[in-house]
Amino acid sequence: MRRWFDDLPKYADDSSWWPKGTKRCRPEFFLFWLGVPLTLLAYFTVGAVLCLALGLNQTNMNDYFAFGVWIVVDLAVIGLGAGAFFTSFLNYIVGKTELKPIVNAAVLIGFICYVGAILMLGIDIGQPIRGWFGFWHANVHSMLTEVMFCITTYAIVLTIELLPSVLDNRRISRVPEFGTFSHNLHTIMIVFAAAGTFLSFFHQGSLGGMFGVLYARPFADRGGLGIWPWTFFLFIMSAIAVGPSFTTMVVMITEKITGRKLTKHNVKMLMGKISGWLLVVYMVFKSADTMWWAYIKLPAAGLTMDQMYQAPYGYWLLWVELGLCGWLPALMLVQEKVRASYGWMFVAMLLACIGITLNRFVFTIQSLALPVLPFEKFYAYLPSWQEWGIASLVLGFGLLVFMLAYRYLPIFPQEPELND
Amino acid sequence: MWRKDVMRFGMVIDLDKCTGCGACSVACMSENNIGVLHNETDKIRSITWLRVYQIDNGKAFPDTEVAFIPRPCMHCQGGKSGTPGQAFFQEAPMDEAAHPPCVSVCPATATDYDEKTGIVSQIPTRCIGCRYCVAACPYHARYFNWYDVPWPKGTPRALSPFVSPRMRGVVEKCTFCYQRYQSARNKALVDGSEVGEMDYQTACTEACPSGAITFGQLQNPKHKVHKLISSEHTFRLLEKLQTNPKVYYMSKREWVRKMADNYVTRHNKFAQAAAQGGHQQ
Amino acid sequence: MFPFAYEWVWDIGHIVFFGLFYGVLSVIGGTLTLTILKTMLDLWAGHIHEPEH
């Protein structure tokens, strides 16, 4: 089928770089669409320069909102990027090789999420040049230390896991050194998957633990076992439940934008099934934890649920997080009929991803908004435009890396057979 | 109740004597080189290590009563709170290490609980500005430097040489004027004597015109604070959270005492009604 | 991070935390090094892997 641009002269031809058996759009169109992430990155650069040069007064954070939208985005993308470690774990260690067609995409998405989060965190701290103190003068009792160590190490693991995909590029792999190295990495990948699983377990948990250990902030303090607050385990559970959903959702969006099938539907259905059942387990524990907090923990601190849910962070947040974006997608995804439908599975996965983002939001923003001293005031918070600029880093950087990777790297092994 | 081999510095603030004049806050700012921002109209980023809150009893005129609560850093011990007979403080020799809510969370060990004095220190040159401790503190005693302090020309010469000014991007808080403890300790070393009660007093204690603040070693029977904390009128802020703070407050007024902590009955109308035996409010 | 840092103490917290951290780091670094060495050996022995795609 001839289209209007097929007769235009070709100025560049990068088809020898495309994965074997695939078709990609003209390079001119690709460059045009690269403008989207580049614009976002330009917005980020403006915000970043301002915050680094003039200080964090460029944000709307203050002594009541020590954490703002950046921490919410960090926690959310790291939770959503858990698909990387969990899919690798299932594929390489548990042996669910039916997930092989989607594991590269999961690792790519994870790489984007973690590197984006680390870059944002560098600007979030008041003294970025002193960031290394968290490593050099580490306080082993702090959850944040644990997070810093594990996230940095895991970002290294993700880079190593992504390396074979890069080296397997059609032209790069022709170089004997790169091709052989990539082959050897493939054979030993289980070790990196195991290391990644180990690290991810701890940092997903510690990100939840960061708020659970705040025993003097009643919204976040929900009890625990020994030194581990329950939020430690709940954050791990929600991350592994929603990670596969996010990965699959991104693949589905890519399919719709490019008009090409990337994985067979049964692969997506399996991801949905895993996500659904883990979500059910998570919701059981989360519901129990919420009720225990509401009826036992809060009154012990002398507070009521009504005080925890004040406008604009009202009860609607609780029902949306646990109901519309918690139990509903869980019950949807466990049903084969829903998973068999492309559209309905997408909706369920989207709701689950929104749910986990809301969960990260309430533990940071809502937690800080609520006064603890009876004579302190309730404050609300909205990010400044500079903050939104820096928050758009993950999206801009993500789109850029994903677009380049989709165009040139063999991320989807089933693509050639599904499209021609 | 108290460990005898260490010092536990604390404070008792008599809210019936506090007039809300703010001299304590100003003295603290002067002693500790705390800066004033270009624009101080929006107080939410102002740094006030000791902040004076105003509270009232919620009644309309002519029954309105007002009180003021100066709030320094509580220098929390953490751990289980004791009973009123123990002045609420609990720290048996066999107890585990101190666990203030803000110290265990710092990733760079920029804040520490000094076992010898009970003071929670803050090292601004170590702080990376992650603000995790600011989020952890329920008393809002910790402040982040959102701005570089715009010291007007010539003012740096008037700063105290014993306290380093902080640059933007680091957290700071009340240190119980630790530099004064260091001076007193050095003097005692030279004289061959002990640090006496009046040798080490915080700036806010000295500045208070009505003598509402008393500072000293809570565990030392020779110090005034030791007697004051066992009075039936003393209480601490947010006792239920078990932060085990070392700043005590005194008031004979019941409504002031009730404002120190959260009570479910205050906000829950059903619980209030039940508490009053079903009577109409 | 290292035993010569001022605040390092040989308590259970430090031993467990840094034991695990350096352990994982060794596994990752060691495996990567071994893979690179094996690649160099393969190339030297002429076992070049043909790209599948």
# chains A, B, ... in the order shown; residues from 1 in each chain; ligands from 1

call {"tool": "interface_residues", "arguments": {"of": "chain B", "to": "chain A", "cutoff": "8 Å", "atoms": "only C-alpha atoms", "output": "mmCIF file with C-alpha atoms, in the first residue's frame"}}
result
data_model
loop_
_atom_site.group_PDB
_atom_site.id
_atom_site.type_symbol
_atom_site.label_atom_id
_atom_site.label_comp_id
_atom_site.auth_asym_id
_atom_site.auth_seq_id
_atom_site.Cartn_x
_atom_site.Cartn_y
_atom_site.Cartn_z
ATOM 1 C CA ILE B 44 6.610 28.766 56.221
ATOM 2 C CA ARG B 45 10.279 28.812 55.260
ATOM 3 C CA TYR B 53 3.003 29.056 69.318
ATOM 4 C CA ILE B 55 -3.089 28.639 71.573
ATOM 5 C CA PRO B 101 12.687 9.657 65.467
ATOM 6 C CA SER B 104 17.965 6.751 62.897
ATOM 7 C CA VAL B 105 16.659 8.051 59.587
ATOM 8 C CA CYS B 106 19.618 10.205 58.550
ATOM 9 C CA PRO B 107 21.480 8.473 55.700
ATOM 10 C CA ALA B 108 24.743 10.346 56.218
ATOM 11 C CA THR B 109 25.025 10.260 60.015
ATOM 12 C CA ARG B 126 27.826 16.577 56.921
ATOM 13 C CA CYS B 127 24.165 17.076 55.994
ATOM 14 C CA ILE B 128 23.279 16.302 52.367
ATOM 15 C CA GLY B 129 19.890 17.981 52.606
ATOM 16 C CA CYS B 130 17.628 15.005 51.953
ATOM 17 C CA ARG B 131 15.132 16.322 54.539
ATOM 18 C CA TYR B 132 14.195 12.886 55.784
ATOM 19 C CA VAL B 134 12.475 17.068 58.742
ATOM 20 C CA ALA B 135 9.733 14.677 57.665
ATOM 21 C CA ALA B 136 10.318 12.454 60.701
ATOM 22 C CA CYS B 137 10.004 15.111 63.380
ATOM 23 C CA PRO B 138 6.419 15.509 64.642
ATOM 24 C CA TYR B 139 7.263 18.755 66.463
ATOM 25 C CA HIS B 140 8.500 20.526 63.302
ATOM 26 C CA ARG B 142 13.899 20.847 62.236
ATOM 27 C CA TYR B 143 14.389 23.479 59.582
ATOM 28 C CA PHE B 144 15.825 23.272 56.097
ATOM 29 C CA TRP B 146 15.736 26.786 51.411
ATOM 30 C CA TYR B 147 17.752 29.950 50.797
ATOM 31 C CA ARG B 168 21.556 26.586 51.821
ATOM 32 C CA GLY B 169 20.633 22.995 51.354
ATOM 33 C CA VAL B 170 21.256 21.764 54.898
ATOM 34 C CA LEU B 237 4.076 17.235 74.079
ATOM 35 C CA LEU B 238 2.738 14.235 72.147
ATOM 36 C CA LYS B 240 1.337 9.074 73.144
ATOM 37 C CA LEU B 241 3.849 8.870 70.309
ATOM 38 C CA GLN B 242 6.518 7.721 72.768
ATOM 39 C CA THR B 243 9.233 10.043 71.549
ATOM 40 C CA MET B 259 -3.562 20.856 74.104
ATOM 41 C CA ALA B 260 -0.312 18.956 74.487
ATOM 42 C CA ASP B 261 -1.522 15.736 72.929
ATOM 43 C CA ASN B 262 -4.209 14.236 70.738
ATOM 44 C CA TYR B 263 -7.255 12.679 72.300
ATOM 45 C CA VAL B 264 -9.755 10.700 70.299
ATOM 46 C CA HIS B 267 -12.667 15.086 67.755
ATOM 47 C CA ASN B 268 -15.087 12.233 67.873
#

call {"tool": "closest_atom_pairs", "arguments": {"of": "chain C", "to": "chain B", "cutoff": "12 Å", "atoms": "only C-alpha atoms", "output": "tab-separated table"}}
result
residue	atom	partner	partner_atom	distance
C:Met1	CA	B:Ala108	CA	10.4
C:Ala5	CA	B:Thr109	CA	11.6
C:Tyr6	CA	B:Thr109	CA	10.6
C:Glu7	CA	B:Thr109	CA	8.1
C:Trp8	CA	B:Thr109	CA	10.6

call {"tool": "residues_around", "arguments": {"residues": "stretch 277-279 of chain A", "least_positions_apart": "6", "cutoff": "9 Å", "atoms": "only C-alpha atoms", "output": "PyMOL selection string"}}
result
chain A and resi 237-238+240-242+326-327+329-331+333-334+352

call {"tool": "interface_residues", "arguments": {"of": "chain C", "to": "chain A", "cutoff": "7 Å", "atoms": "only C-alpha atoms", "output": "MDAnalysis selection string"}}
result
chainID C and resid 1 13:14 17 24 28 35:36 39 48:49 51 53

call {"tool": "select_by_dssp", "arguments": {"residues": "stretch 81-264 of chain B", "states": "alpha helix (DSSP H)", "output": "VMD selection string"}}
result
chain B and resid 132 to 136 178 to 191 203 to 207 224 to 229 254 to 258 264

call {"tool": "write_last_selection", "arguments": {"atoms": "N, CA and C atoms", "output": "compact mmCIF listing (two decimals), in the first residue's frame"}}
result
# COMPACT_ATOMS: atom_id res chain seq x y z
N TYR B 132 14.91 14.03 55.21
CA TYR B 132 14.19 12.89 55.78
C TYR B 132 13.92 13.14 57.26
N CYS B 133 14.88 13.75 57.96
CA CYS B 133 14.71 14.05 59.38
C CYS B 133 13.62 15.10 59.59
N VAL B 134 13.51 16.03 58.65
CA VAL B 134 12.48 17.07 58.74
C VAL B 134 11.11 16.41 58.66
N ALA B 135 11.00 15.40 57.80
CA ALA B 135 9.73 14.68 57.66
C ALA B 135 9.45 13.84 58.91
N ALA B 136 10.51 13.36 59.57
CA ALA B 136 10.32 12.45 60.70
C ALA B 136 9.88 13.16 61.97
N TYR B 178 24.81 24.02 72.38
CA TYR B 178 25.89 23.10 72.72
C TYR B 178 27.23 23.80 72.85
N GLN B 179 27.38 24.93 72.11
CA GLN B 179 28.65 25.65 72.19
C GLN B 179 28.87 26.18 73.61
N ARG B 180 27.78 26.45 74.32
CA ARG B 180 27.90 26.92 75.70
C ARG B 180 28.33 25.78 76.62
N TYR B 181 27.85 24.59 76.30
CA TYR B 181 28.29 23.42 77.09
C TYR B 181 29.78 23.20 76.89
N GLN B 182 30.21 23.35 75.62
CA GLN B 182 31.63 23.16 75.35
C GLN B 182 32.48 24.19 76.09
N SER B 183 32.02 25.45 76.13
CA SER B 183 32.76 26.49 76.87
C SER B 183 32.81 26.15 78.35
N ALA B 184 31.67 25.73 78.89
CA ALA B 184 31.61 25.43 80.33
C ALA B 184 32.50 24.24 80.66
N ARG B 185 32.51 23.28 79.75
CA ARG B 185 33.33 22.09 79.97
C ARG B 185 34.81 22.43 79.92
N ASN B 186 35.19 23.30 78.97
CA ASN B 186 36.59 23.72 78.88
C ASN B 186 37.02 24.47 80.13
N LYS B 187 36.12 25.36 80.57
CA LYS B 187 36.42 26.15 81.78
C LYS B 187 36.59 25.23 82.98
N ALA B 188 35.71 24.23 83.08
CA ALA B 188 35.79 23.29 84.21
C ALA B 188 37.09 22.50 84.16
N LEU B 189 37.50 22.17 82.95
CA LEU B 189 38.75 21.42 82.78
C LEU B 189 39.93 22.24 83.27
N VAL B 190 39.91 23.53 82.89
CA VAL B 190 41.00 24.42 83.29
C VAL B 190 41.00 24.63 84.79
N ASP B 191 39.79 24.85 85.36
CA ASP B 191 39.69 25.12 86.80
C ASP B 191 39.83 23.87 87.64
N ALA B 203 20.65 30.06 75.76
CA ALA B 203 20.39 31.48 75.53
C ALA B 203 18.94 31.83 75.83
N CYS B 204 18.03 30.92 75.46
CA CYS B 204 16.61 31.21 75.68
C CYS B 204 16.28 31.27 77.17
N THR B 205 16.91 30.39 77.95
CA THR B 205 16.68 30.40 79.40
C THR B 205 17.10 31.72 79.99
N GLU B 206 18.27 32.19 79.56
CA GLU B 206 18.79 33.45 80.12
C GLU B 206 17.95 34.63 79.69
N ALA B 207 17.39 34.56 78.49
CA ALA B 207 16.71 35.74 77.96
C ALA B 207 15.30 35.91 78.50
N LYS B 224 17.48 22.38 89.59
CA LYS B 224 16.08 22.81 89.76
C LYS B 224 15.12 21.98 88.91
N VAL B 225 15.53 21.67 87.67
CA VAL B 225 14.61 20.96 86.76
C VAL B 225 14.22 19.60 87.32
N HIS B 226 15.11 19.00 88.07
CA HIS B 226 14.83 17.67 88.60
C HIS B 226 13.60 17.69 89.51
N LYS B 227 13.51 18.76 90.33
CA LYS B 227 12.34 18.87 91.22
C LYS B 227 11.11 19.24 90.42
N LEU B 228 11.28 20.13 89.44
CA LEU B 228 10.12 20.62 88.71
C LEU B 228 9.43 19.51 87.93
N ILE B 229 10.20 18.59 87.37
CA ILE B 229 9.55 17.59 86.51
C ILE B 229 8.70 16.60 87.30
N GLU B 254 -6.00 23.24 83.04
CA GLU B 254 -6.28 21.94 82.45
C GLU B 254 -6.37 22.02 80.92
N TRP B 255 -6.95 23.10 80.40
CA TRP B 255 -7.14 23.18 78.94
C TRP B 255 -5.80 23.29 78.24
N VAL B 256 -4.83 23.90 78.87
CA VAL B 256 -3.49 24.00 78.27
C VAL B 256 -2.86 22.61 78.23
N ARG B 257 -3.04 21.89 79.32
CA ARG B 257 -2.51 20.54 79.42
C ARG B 257 -3.10 19.65 78.33
N LYS B 258 -4.39 19.85 78.08
CA LYS B 258 -5.08 19.02 77.08
C LYS B 258 -4.60 19.31 75.66
N VAL B 264 -8.70 11.11 71.22
CA VAL B 264 -9.75 10.70 70.30
C VAL B 264 -11.07 11.38 70.64

call {"tool": "atom_distance", "arguments": {"atom1": "atom CA of B:Phe9", "atom2": "atom CA of C:Asp11"}}
result
27.6 Å

call {"tool": "atom_distance", "arguments": {"atom1": "atom CA of B:Leu50", "atom2": "atom CA of B:Arg236"}}
result
16.0 Å

call {"tool": "residues_around", "arguments": {"residues": "A:Asn266", "least_positions_apart": "5", "cutoff": "10 Å", "atoms": "only C-alpha atoms", "output": "mmCIF file with C-alpha atoms, in the first residue's frame"}}
result
data_model
loop_
_atom_site.group_PDB
_atom_site.id
_atom_site.type_symbol
_atom_site.label_atom_id
_atom_site.label_comp_id
_atom_site.auth_asym_id
_atom_site.auth_seq_id
_atom_site.Cartn_x
_atom_site.Cartn_y
_atom_site.Cartn_z
ATOM 1 C CA GLU A 98 7.012 -18.113 28.226
ATOM 2 C CA LEU A 99 7.982 -14.636 29.424
ATOM 3 C CA MET A 271 1.738 -11.140 32.683
ATOM 4 C CA GLY A 272 -1.817 -10.095 33.470
ATOM 5 C CA ARG A 339 -7.342 -10.941 30.083
ATOM 6 C CA ALA A 340 -8.422 -12.312 26.711
#

call {"tool": "closest_residue", "arguments": {"among": "B:Leu15, B:Ile47, B:Asn33, B:Pro100", "to": "B:Pro156", "atoms": "only C-alpha atoms"}}
result
B:Asn33

call {"tool": "closest_residue", "arguments": {"among": "A:Tyr295, A:Phe246, A:Tyr406, A:Tyr282", "to": "A:Ala348", "atoms": "only C-alpha atoms"}}
result
A:Phe246

call {"tool": "atom_distance", "arguments": {"atom1": "atom CA of A:Trp18", "atom2": "atom CA of A:Leu119"}}
result
29.2 Å

call {"tool": "residues_around", "arguments": {"residues": "A:Trp33", "least_positions_apart": "4", "cutoff": "12 Å", "atoms": "only C-alpha atoms", "output": "list in words"}}
result
Cys25, Arg26, Pro27, Glu28, Phe29, Pro37, Leu38, Thr39, Ile257, Thr258, Gly396, Leu399, Leu400, Met403 and Leu404 of chain A

call {"tool": "write_last_selection", "arguments": {"atoms": "C-alpha atoms", "output": "PDB file, in the first residue's frame"}}
result
ATOM      1  CA  CYS A  25       9.304   4.495   9.920  1.00  0.00           C
ATOM      2  CA  ARG A  26      11.409   6.887   7.849  1.00  0.00           C
ATOM      3  CA  PRO A  27      14.292   8.485   9.729  1.00  0.00           C
ATOM      4  CA  GLU A  28      12.877  11.944   9.090  1.00  0.00           C
ATOM      5  CA  PHE A  29       9.654  11.057  10.859  1.00  0.00           C
ATOM      6  CA  PRO A  37      11.148  13.763  24.459  1.00  0.00           C
ATOM      7  CA  LEU A  38      13.684  16.422  23.600  1.00  0.00           C
ATOM      8  CA  THR A  39      11.178  19.139  24.468  1.00  0.00           C
ATOM      9  CA  ILE A 257       1.411   3.936  18.404  1.00  0.00           C
ATOM     10  CA  THR A 258       3.586   1.979  15.968  1.00  0.00           C
ATOM     11  CA  GLY A 396      11.383  12.625  28.550  1.00  0.00           C
ATOM     12  CA  LEU A 399      10.618   8.263  25.746  1.00  0.00           C
ATOM     13  CA  LEU A 400      14.011   9.055  24.251  1.00  0.00           C
ATOM     14  CA  MET A 403      12.200   5.203  21.096  1.00  0.00           C
ATOM     15  CA  LEU A 404      15.850   4.630  20.262  1.00  0.00           C
TER      16      LEU A 404
END

call {"tool": "decode", "arguments": {"residues": "stretch 5-19 of chain C", "atoms": "N, CA and C atoms", "output": "short mmCIF file (atom, residue, chain, number, x, y, z; two decimals), in the first residue's frame"}}
result
data_model
loop_
_atom_site.label_atom_id
_atom_site.label_comp_id
_atom_site.auth_asym_id
_atom_site.auth_seq_id
_atom_site.Cartn_x
_atom_site.Cartn_y
_atom_site.Cartn_z
N ALA C 5 36.41 4.62 58.32
CA ALA C 5 35.59 5.82 58.53
C ALA C 5 35.39 6.04 60.02
N TYR C 6 35.21 7.30 60.39
CA TYR C 6 35.15 7.68 61.81
C TYR C 6 34.02 6.96 62.55
N GLU C 7 32.82 6.90 61.90
CA GLU C 7 31.67 6.38 62.63
C GLU C 7 31.49 4.87 62.48
N TRP C 8 32.44 4.20 61.85
CA TRP C 8 32.32 2.75 61.70
C TRP C 8 32.49 2.08 63.06
N VAL C 9 31.57 1.17 63.36
CA VAL C 9 31.73 0.31 64.53
C VAL C 9 31.50 -1.12 64.08
N TRP C 10 32.22 -2.04 64.67
CA TRP C 10 32.04 -3.43 64.29
C TRP C 10 30.86 -4.01 65.07
N ASP C 11 29.63 -3.50 64.78
CA ASP C 11 28.44 -4.05 65.42
C ASP C 11 27.67 -4.87 64.38
N ILE C 12 26.64 -5.56 64.87
CA ILE C 12 25.92 -6.49 64.00
C ILE C 12 25.30 -5.77 62.80
N GLY C 13 24.87 -4.52 63.01
CA GLY C 13 24.26 -3.74 61.92
C GLY C 13 25.23 -3.56 60.77
N HIS C 14 26.46 -3.11 61.10
CA HIS C 14 27.47 -2.87 60.06
C HIS C 14 27.89 -4.17 59.41
N ILE C 15 28.04 -5.22 60.21
CA ILE C 15 28.53 -6.49 59.65
C ILE C 15 27.52 -7.05 58.66
N VAL C 16 26.25 -7.06 59.05
CA VAL C 16 25.21 -7.60 58.16
C VAL C 16 25.07 -6.75 56.91
N PHE C 17 24.91 -5.43 57.12
CA PHE C 17 24.66 -4.54 55.98
C PHE C 17 25.81 -4.58 54.98
N PHE C 18 27.04 -4.34 55.45
CA PHE C 18 28.15 -4.28 54.51
C PHE C 18 28.59 -5.65 54.05
N GLY C 19 28.34 -6.67 54.89
CA GLY C 19 28.62 -8.03 54.44
C GLY C 19 27.79 -8.36 53.22
#
